[in-house]
Amino acid sequence: MPLDPFFAERLRVHRRYLIRQRIDAFRRRMTTGGSPLGWSRSAAAEVTVTSEPRLPQPAGSAHSRARAKHRRAALAWDRNELKTVGTAGPDVRITEHDVPVEGYPSVRVRIYHPDPEPAGPVPAWLTFFGGAFRIGGIDYPTTDAANRRRAVDAGVAMVAVDYALAPEHRFPTQIEQAHAALIWLHDKAAQLGIDPERLGVAGTSAGASIAAALTIANRDRTQVPIRLVLLEVPVADLTGRHLDLRATRALGIPSVIALRELRSVARTYLARASDAKNPLASPLRAGSHAGLPEAVILIAEYDPLRGDGIAYAAKLRAAGVAASAVQYLGVTHDTAIFTGVLPAARRWHSDVVATLARLHDVSGAAPRSGS
């Protein structure tokens with residue numbers, strides 16, 4: 001299906017940004033005596049990161065200053081997106097918590113309660129934001145607004161995890177924080193007004209990678225009952241083997257740029273190349289997907305990550321897990337935030353709310369993790 005007209009001008013701006021970014025990176029390598037890394041067509045088969053552990057640059061370095069500047073720009077962009085093309089969230093009751101994580105930094109968790117005076121415990125979704133593992137957070141305006149709207153519209157508690165960002169904190173920090181948050185949510189459910197038997201896990205993009213990895217870690221370690229998993233435009237394989245570059249070519253974005261973007265994400269998140277094959281970094285590569293909870297996967301036609309979502313759904317089904325994958329036609333990776341101007345985004349929101357609300361079924365018919 002042709003790209004929705006809404007994205008045409010945004011695409012032109014994005015293409016210019018990506019091309020300028022690559023030119024700047026090339027110039028930096030030339031001025032520092034490095035050589036640009038050539039990418040052939042075969043590079044689509046697997047993205048290589050570094051073979052040696054990469055340590056984050058010290059605070060105050062040129063790299064850290066550049067990251068801080070990039071994150072400020074991303075936050076400003078996100079704020080403007082909510083104002084111009086998004087939908088503000090309603091007022092809800094919010095509680096904030098600090099969850100300890102053994103061997104790793106503690107993690108902040110924010111609960112968006114659907115009712116200021118609930119009659120009883122409510123279902124809850126542990127949710128993880130997107131941002132390529134290196135930007136974003138639960139305070140970002142579009143993320144905050146989405147959690148507010150979803151909590152109210154679905155009548156569930158949205159439990160947002162403010163996991164640590166890379167490269168200051170690399171894999172598996174984020175997975176360990178997610179696992180600690182899940183155990184904490186289950187153990188403290190009664191105090192939080194949450195039903196421990198009606199828990200779901202959700203995530204978007206990089207956050208969907210963390211959510212999927214969490215279900216694997218939970219199956220293998222703790223078996224907390226998870227009724228359902230919602231994965232929106234998930235990153236499922238950081239080796240890049242399942243990227244669908246037809247999506248970027250259809251947008252007029254050269255494959256080399258998409259490949260280098262994934263390579264940049266992997267280098268930022270992972271300490272070494274071998275981590276890309278770890279199932280907690282690339283859930284698609286797990287040796288077994290049996291015993292995982294039912295999954296709902298949402299993908300976009302003009303998103304190279306659609307290949308990850310399709311492949312992950314296929315893996316789950318092959319392992320006997322109930323999994324559905326829905327592709328939205330004519331739209332891109334970040335469609336869900338454009339609810340103020342795009343009908344497809346409003347449909348996306350409605351479909352997400354319908355999935356979230358499934359936890360209201362007290363029968364427990366949905367397959368559970370570890371069962």
# chains A, B, ... in the order shown; residues from 1 in each chain; ligands from 1
>>> residues_around(residues="A:Gly207", least_positions_apart="6", cutoff="10 Å", atoms="only C-alpha atoms", output="VMD selection string")
chain A and resid 127 to 133 161 163 174 213 231 to 235
>>> write_last_selection(atoms="all heavy atoms", output="short mmCIF file (atom, residue, chain, number, x, y, z; two decimals), in the first residue's frame")
data_model
loop_
_atom_site.label_atom_id
_atom_site.label_comp_id
_atom_site.auth_asym_id
_atom_site.auth_seq_id
_atom_site.Cartn_x
_atom_site.Cartn_y
_atom_site.Cartn_z
N THR A 127 5.35 -2.12 31.56
CA THR A 127 5.58 -1.61 30.22
C THR A 127 6.94 -0.93 30.08
O THR A 127 7.43 -0.30 31.03
CB THR A 127 4.45 -0.64 29.81
OG1 THR A 127 4.66 -0.19 28.47
CG2 THR A 127 4.36 0.56 30.73
N PHE A 128 7.52 -1.06 28.87
CA PHE A 128 8.88 -0.58 28.60
C PHE A 128 8.87 0.31 27.36
O PHE A 128 8.40 -0.09 26.30
CB PHE A 128 9.81 -1.78 28.39
CG PHE A 128 9.86 -2.70 29.58
CD1 PHE A 128 8.97 -3.77 29.67
CD2 PHE A 128 10.74 -2.48 30.61
CE1 PHE A 128 8.98 -4.62 30.78
CE2 PHE A 128 10.76 -3.31 31.73
CZ PHE A 128 9.88 -4.39 31.81
N PHE A 129 9.43 1.51 27.52
CA PHE A 129 9.43 2.50 26.45
C PHE A 129 10.44 2.17 25.35
O PHE A 129 11.37 1.37 25.55
CB PHE A 129 9.73 3.89 27.02
CG PHE A 129 11.08 3.99 27.71
CD1 PHE A 129 12.23 4.29 27.00
CD2 PHE A 129 11.18 3.78 29.08
CE1 PHE A 129 13.46 4.38 27.63
CE2 PHE A 129 12.42 3.86 29.73
CZ PHE A 129 13.56 4.16 29.00
N GLY A 130 10.28 2.81 24.20
CA GLY A 130 11.22 2.67 23.10
C GLY A 130 12.22 3.80 23.06
O GLY A 130 12.09 4.79 23.79
N GLY A 131 13.22 3.67 22.19
CA GLY A 131 14.24 4.72 22.07
C GLY A 131 15.61 4.18 21.77
O GLY A 131 16.62 4.79 22.13
N ALA A 132 15.68 2.99 21.10
CA ALA A 132 16.95 2.41 20.67
C ALA A 132 17.88 2.12 21.85
O ALA A 132 19.11 2.12 21.69
CB ALA A 132 17.65 3.31 19.65
N PHE A 133 17.33 1.89 23.01
CA PHE A 133 18.07 1.59 24.24
C PHE A 133 18.88 2.78 24.77
O PHE A 133 19.49 2.67 25.82
CB PHE A 133 19.05 0.41 24.05
CG PHE A 133 18.41 -0.85 23.55
CD1 PHE A 133 18.53 -1.23 22.22
CD2 PHE A 133 17.69 -1.67 24.41
CE1 PHE A 133 17.94 -2.40 21.75
CE2 PHE A 133 17.11 -2.84 23.96
CZ PHE A 133 17.24 -3.20 22.62
N VAL A 161 8.43 1.24 33.53
CA VAL A 161 9.77 1.00 34.06
C VAL A 161 10.76 1.94 33.39
O VAL A 161 10.92 1.93 32.17
CB VAL A 161 10.19 -0.46 33.83
CG1 VAL A 161 11.58 -0.72 34.41
CG2 VAL A 161 9.17 -1.42 34.45
N TYR A 163 13.94 2.09 32.81
CA TYR A 163 15.21 1.35 32.78
C TYR A 163 16.39 2.23 32.37
O TYR A 163 16.23 3.26 31.72
CB TYR A 163 15.10 0.14 31.85
CG TYR A 163 14.79 0.46 30.39
CD1 TYR A 163 15.80 0.79 29.50
CD2 TYR A 163 13.49 0.41 29.91
CE1 TYR A 163 15.53 1.07 28.17
CE2 TYR A 163 13.20 0.69 28.58
CZ TYR A 163 14.24 1.02 27.71
OH TYR A 163 13.97 1.31 26.39
N GLN A 174 19.51 -3.65 31.66
CA GLN A 174 18.09 -3.37 31.42
C GLN A 174 17.21 -4.60 31.66
O GLN A 174 16.09 -4.48 32.16
CB GLN A 174 17.91 -2.86 29.98
CG GLN A 174 18.59 -1.53 29.69
CD GLN A 174 20.10 -1.62 29.51
OE1 GLN A 174 20.67 -2.72 29.47
NE2 GLN A 174 20.75 -0.48 29.38
N ALA A 213 12.44 -10.36 26.12
CA ALA A 213 13.53 -11.00 26.87
C ALA A 213 13.09 -11.31 28.29
O ALA A 213 13.46 -12.35 28.87
CB ALA A 213 14.75 -10.10 26.87
N LEU A 231 3.75 -6.65 22.09
CA LEU A 231 5.01 -6.17 21.51
C LEU A 231 4.69 -5.27 20.32
O LEU A 231 4.16 -5.73 19.31
CB LEU A 231 5.88 -7.35 21.07
CG LEU A 231 6.18 -8.42 22.12
CD1 LEU A 231 6.97 -9.57 21.52
CD2 LEU A 231 6.91 -7.82 23.32
N GLU A 232 5.03 -3.99 20.44
CA GLU A 232 4.79 -3.04 19.36
C GLU A 232 6.11 -2.75 18.63
O GLU A 232 7.10 -2.39 19.26
CB GLU A 232 4.21 -1.74 19.92
CG GLU A 232 2.87 -1.93 20.63
CD GLU A 232 2.37 -0.65 21.27
OE1 GLU A 232 2.04 0.29 20.53
OE2 GLU A 232 2.31 -0.60 22.51
N VAL A 233 6.10 -2.95 17.33
CA VAL A 233 7.28 -2.78 16.45
C VAL A 233 8.55 -3.27 17.13
O VAL A 233 9.51 -2.52 17.32
CB VAL A 233 7.42 -1.32 15.95
CG1 VAL A 233 6.29 -0.97 15.01
CG2 VAL A 233 7.43 -0.29 17.11
N PRO A 234 8.61 -4.56 17.48
CA PRO A 234 9.71 -5.04 18.32
C PRO A 234 11.04 -5.18 17.60
O PRO A 234 11.11 -5.51 16.42
CB PRO A 234 9.21 -6.42 18.77
CG PRO A 234 8.32 -6.87 17.65
CD PRO A 234 7.63 -5.62 17.19
N VAL A 235 12.12 -4.93 18.35
CA VAL A 235 13.47 -5.35 17.97
C VAL A 235 13.62 -6.75 18.55
O VAL A 235 13.58 -6.92 19.77
CB VAL A 235 14.54 -4.43 18.57
CG1 VAL A 235 15.93 -4.88 18.15
CG2 VAL A 235 14.30 -2.99 18.17
#
>>> residues_around(residues="stretch 110-117 of chain A", least_positions_apart="4", cutoff="12 Å", atoms="only C-alpha atoms", output="MDAnalysis selection string")
chainID A and resid 89:99 121:128 137:139 143:163 181 185 189 192:194 357
>>> closest_residue(among="A:Ile226, A:Leu342, A:Leu298, A:Leu3", to="A:Leu329", atoms="only C-alpha atoms")
A:Leu3
>>> select_by_dssp(residues="stretch 82-269 of chain A", states="helix (DSSP H, G or I)", output="VMD selection string")
chain A and resid 82 to 85 141 to 154 173 to 187 189 to 192 206 to 221 246 to 250 255 to 269
>>> closest_residue(among="A:Leu214, A:Leu243, A:Val265, A:Ile183", to="A:Ile310", atoms="only C-alpha atoms")
A:Leu243
>>> atom_distance(atom1="atom CA of A:Asp237", atom2="atom CA of A:Ala206")
10.6 Å
>>> residues_around(residues="A:Ala325", least_positions_apart="6", cutoff="8 Å", atoms="only C-alpha atoms", output="list in words")
Val296, Ile297, Leu298, Ile299, Gly309, Ile310 and Ala313 of chain A
>>> write_last_selection(atoms="C-alpha atoms", output="compact mmCIF listing (two decimals), in the first residue's frame")
# COMPACT_ATOMS: atom_id res chain seq x y z
CA VAL A 296 0.15 -9.92 20.40
CA ILE A 297 2.62 -8.31 17.97
CA LEU A 298 1.97 -5.08 16.07
CA ILE A 299 4.15 -4.09 13.11
CA GLY A 309 8.08 -8.99 14.34
CA ILE A 310 7.02 -11.51 11.70
CA ALA A 313 5.58 -14.47 15.80
>>> closest_atom_pairs(of="stretch 122-181 of chain A", to="stretch 274-280 of chain A", cutoff="9 Å", atoms="only C-alpha atoms", output="Markdown table")
| residue | atom | partner | partner_atom | distance |
| --- | --- | --- | --- | --- |
| A:Phe171 | CA | A:Asp275 | CA | 8.1 |
| A:Pro172 | CA | A:Leu280 | CA | 7.7 |
| A:Ile175 | CA | A:Leu280 | CA | 7.2 |
>>> decode(residues="stretch 186-215 of chain A", atoms="N, CA and C atoms", output="PDB file, in the first residue's frame")
ATOM      1  N   HIS A 186       4.780  -8.344  41.306  1.00  0.00           N
ATOM      2  CA  HIS A 186       4.013  -9.507  41.728  1.00  0.00           C
ATOM      3  C   HIS A 186       3.968  -9.614  43.252  1.00  0.00           C
ATOM      4  N   ASP A 187       5.122  -9.413  43.894  1.00  0.00           N
ATOM      5  CA  ASP A 187       5.190  -9.591  45.344  1.00  0.00           C
ATOM      6  C   ASP A 187       4.457  -8.483  46.106  1.00  0.00           C
ATOM      7  N   LYS A 188       4.455  -7.261  45.561  1.00  0.00           N
ATOM      8  CA  LYS A 188       3.848  -6.114  46.230  1.00  0.00           C
ATOM      9  C   LYS A 188       2.447  -5.799  45.706  1.00  0.00           C
ATOM     10  N   ALA A 189       1.914  -6.674  44.879  1.00  0.00           N
ATOM     11  CA  ALA A 189       0.658  -6.381  44.180  1.00  0.00           C
ATOM     12  C   ALA A 189      -0.463  -5.969  45.131  1.00  0.00           C
ATOM     13  N   ALA A 190      -0.654  -6.689  46.201  1.00  0.00           N
ATOM     14  CA  ALA A 190      -1.757  -6.389  47.116  1.00  0.00           C
ATOM     15  C   ALA A 190      -1.640  -4.977  47.685  1.00  0.00           C
ATOM     16  N   GLN A 191      -0.419  -4.565  48.032  1.00  0.00           N
ATOM     17  CA  GLN A 191      -0.211  -3.222  48.569  1.00  0.00           C
ATOM     18  C   GLN A 191      -0.433  -2.147  47.509  1.00  0.00           C
ATOM     19  N   LEU A 192      -0.242  -2.510  46.250  1.00  0.00           N
ATOM     20  CA  LEU A 192      -0.338  -1.550  45.154  1.00  0.00           C
ATOM     21  C   LEU A 192      -1.747  -1.487  44.547  1.00  0.00           C
ATOM     22  N   GLY A 193      -2.663  -2.322  45.035  1.00  0.00           N
ATOM     23  CA  GLY A 193      -4.009  -2.352  44.473  1.00  0.00           C
ATOM     24  C   GLY A 193      -4.085  -3.090  43.162  1.00  0.00           C
ATOM     25  N   ILE A 194      -3.195  -4.060  42.962  1.00  0.00           N
ATOM     26  CA  ILE A 194      -3.074  -4.792  41.698  1.00  0.00           C
ATOM     27  C   ILE A 194      -3.338  -6.273  41.939  1.00  0.00           C
ATOM     28  N   ASP A 195      -3.955  -6.913  40.968  1.00  0.00           N
ATOM     29  CA  ASP A 195      -4.235  -8.341  41.029  1.00  0.00           C
ATOM     30  C   ASP A 195      -3.006  -9.098  40.512  1.00  0.00           C
ATOM     31  N   PRO A 196      -2.301  -9.854  41.351  1.00  0.00           N
ATOM     32  CA  PRO A 196      -1.086 -10.548  40.910  1.00  0.00           C
ATOM     33  C   PRO A 196      -1.350 -11.674  39.923  1.00  0.00           C
ATOM     34  N   GLU A 197      -2.603 -12.061  39.778  1.00  0.00           N
ATOM     35  CA  GLU A 197      -2.944 -13.113  38.828  1.00  0.00           C
ATOM     36  C   GLU A 197      -3.343 -12.567  37.457  1.00  0.00           C
ATOM     37  N   ARG A 198      -3.350 -11.238  37.338  1.00  0.00           N
ATOM     38  CA  ARG A 198      -3.710 -10.634  36.031  1.00  0.00           C
ATOM     39  C   ARG A 198      -2.638  -9.609  35.649  1.00  0.00           C
ATOM     40  N   LEU A 199      -1.464 -10.154  35.283  1.00  0.00           N
ATOM     41  CA  LEU A 199      -0.334  -9.321  34.893  1.00  0.00           C
ATOM     42  C   LEU A 199       0.009  -9.531  33.421  1.00  0.00           C
ATOM     43  N   GLY A 200       0.343  -8.432  32.756  1.00  0.00           N
ATOM     44  CA  GLY A 200       0.816  -8.500  31.383  1.00  0.00           C
ATOM     45  C   GLY A 200       2.127  -7.738  31.253  1.00  0.00           C
ATOM     46  N   VAL A 201       2.826  -7.962  30.150  1.00  0.00           N
ATOM     47  CA  VAL A 201       4.084  -7.282  29.870  1.00  0.00           C
ATOM     48  C   VAL A 201       3.984  -6.675  28.478  1.00  0.00           C
ATOM     49  N   ALA A 202       4.407  -5.420  28.350  1.00  0.00           N
ATOM     50  CA  ALA A 202       4.295  -4.723  27.067  1.00  0.00           C
ATOM     51  C   ALA A 202       5.557  -3.911  26.808  1.00  0.00           C
ATOM     52  N   GLY A 203       5.807  -3.622  25.531  1.00  0.00           N
ATOM     53  CA  GLY A 203       6.955  -2.788  25.187  1.00  0.00           C
ATOM     54  C   GLY A 203       6.875  -2.333  23.749  1.00  0.00           C
ATOM     55  N   THR A 204       7.593  -1.246  23.468  1.00  0.00           N
ATOM     56  CA  THR A 204       7.630  -0.671  22.128  1.00  0.00           C
ATOM     57  C   THR A 204       9.067  -0.621  21.639  1.00  0.00           C
ATOM     58  N   SER A 205       9.315  -1.137  20.445  1.00  0.00           N
ATOM     59  CA  SER A 205      10.618  -1.072  19.792  1.00  0.00           C
ATOM     60  C   SER A 205      11.695  -1.693  20.684  1.00  0.00           C
ATOM     61  N   ALA A 206      12.693  -0.910  21.135  1.00  0.00           N
ATOM     62  CA  ALA A 206      13.696  -1.459  22.047  1.00  0.00           C
ATOM     63  C   ALA A 206      13.036  -1.965  23.326  1.00  0.00           C
ATOM     64  N   GLY A 207      12.001  -1.264  23.782  1.00  0.00           N
ATOM     65  CA  GLY A 207      11.270  -1.709  24.960  1.00  0.00           C
ATOM     66  C   GLY A 207      10.579  -3.045  24.735  1.00  0.00           C
ATOM     67  N   ALA A 208      10.163  -3.309  23.491  1.00  0.00           N
ATOM     68  CA  ALA A 208       9.561  -4.604  23.175  1.00  0.00           C
ATOM     69  C   ALA A 208      10.608  -5.710  23.223  1.00  0.00           C
ATOM     70  N   SER A 209      11.846  -5.385  22.860  1.00  0.00           N
ATOM     71  CA  SER A 209      12.938  -6.352  22.995  1.00  0.00           C
ATOM     72  C   SER A 209      13.131  -6.728  24.460  1.00  0.00           C
ATOM     73  N   ILE A 210      13.108  -5.722  25.326  1.00  0.00           N
ATOM     74  CA  ILE A 210      13.251  -5.967  26.761  1.00  0.00           C
ATOM     75  C   ILE A 210      12.070  -6.777  27.287  1.00  0.00           C
ATOM     76  N   ALA A 211      10.861  -6.432  26.837  1.00  0.00           N
ATOM     77  CA  ALA A 211       9.667  -7.155  27.279  1.00  0.00           C
ATOM     78  C   ALA A 211       9.729  -8.626  26.869  1.00  0.00           C
ATOM     79  N   ALA A 212      10.123  -8.883  25.617  1.00  0.00           N
ATOM     80  CA  ALA A 212      10.218 -10.267  25.146  1.00  0.00           C
ATOM     81  C   ALA A 212      11.303 -11.026  25.901  1.00  0.00           C
ATOM     82  N   ALA A 213      12.443 -10.359  26.117  1.00  0.00           N
ATOM     83  CA  ALA A 213      13.527 -10.998  26.872  1.00  0.00           C
ATOM     84  C   ALA A 213      13.089 -11.307  28.293  1.00  0.00           C
ATOM     85  N   LEU A 214      12.305 -10.412  28.876  1.00  0.00           N
ATOM     86  CA  LEU A 214      11.821 -10.622  30.239  1.00  0.00           C
ATOM     87  C   LEU A 214      10.986 -11.894  30.336  1.00  0.00           C
ATOM     88  N   THR A 215      10.155 -12.155  29.343  1.00  0.00           N
ATOM     89  CA  THR A 215       9.335 -13.373  29.408  1.00  0.00           C
ATOM     90  C   THR A 215      10.211 -14.624  29.381  1.00  0.00           C
TER      91      THR A 215
END
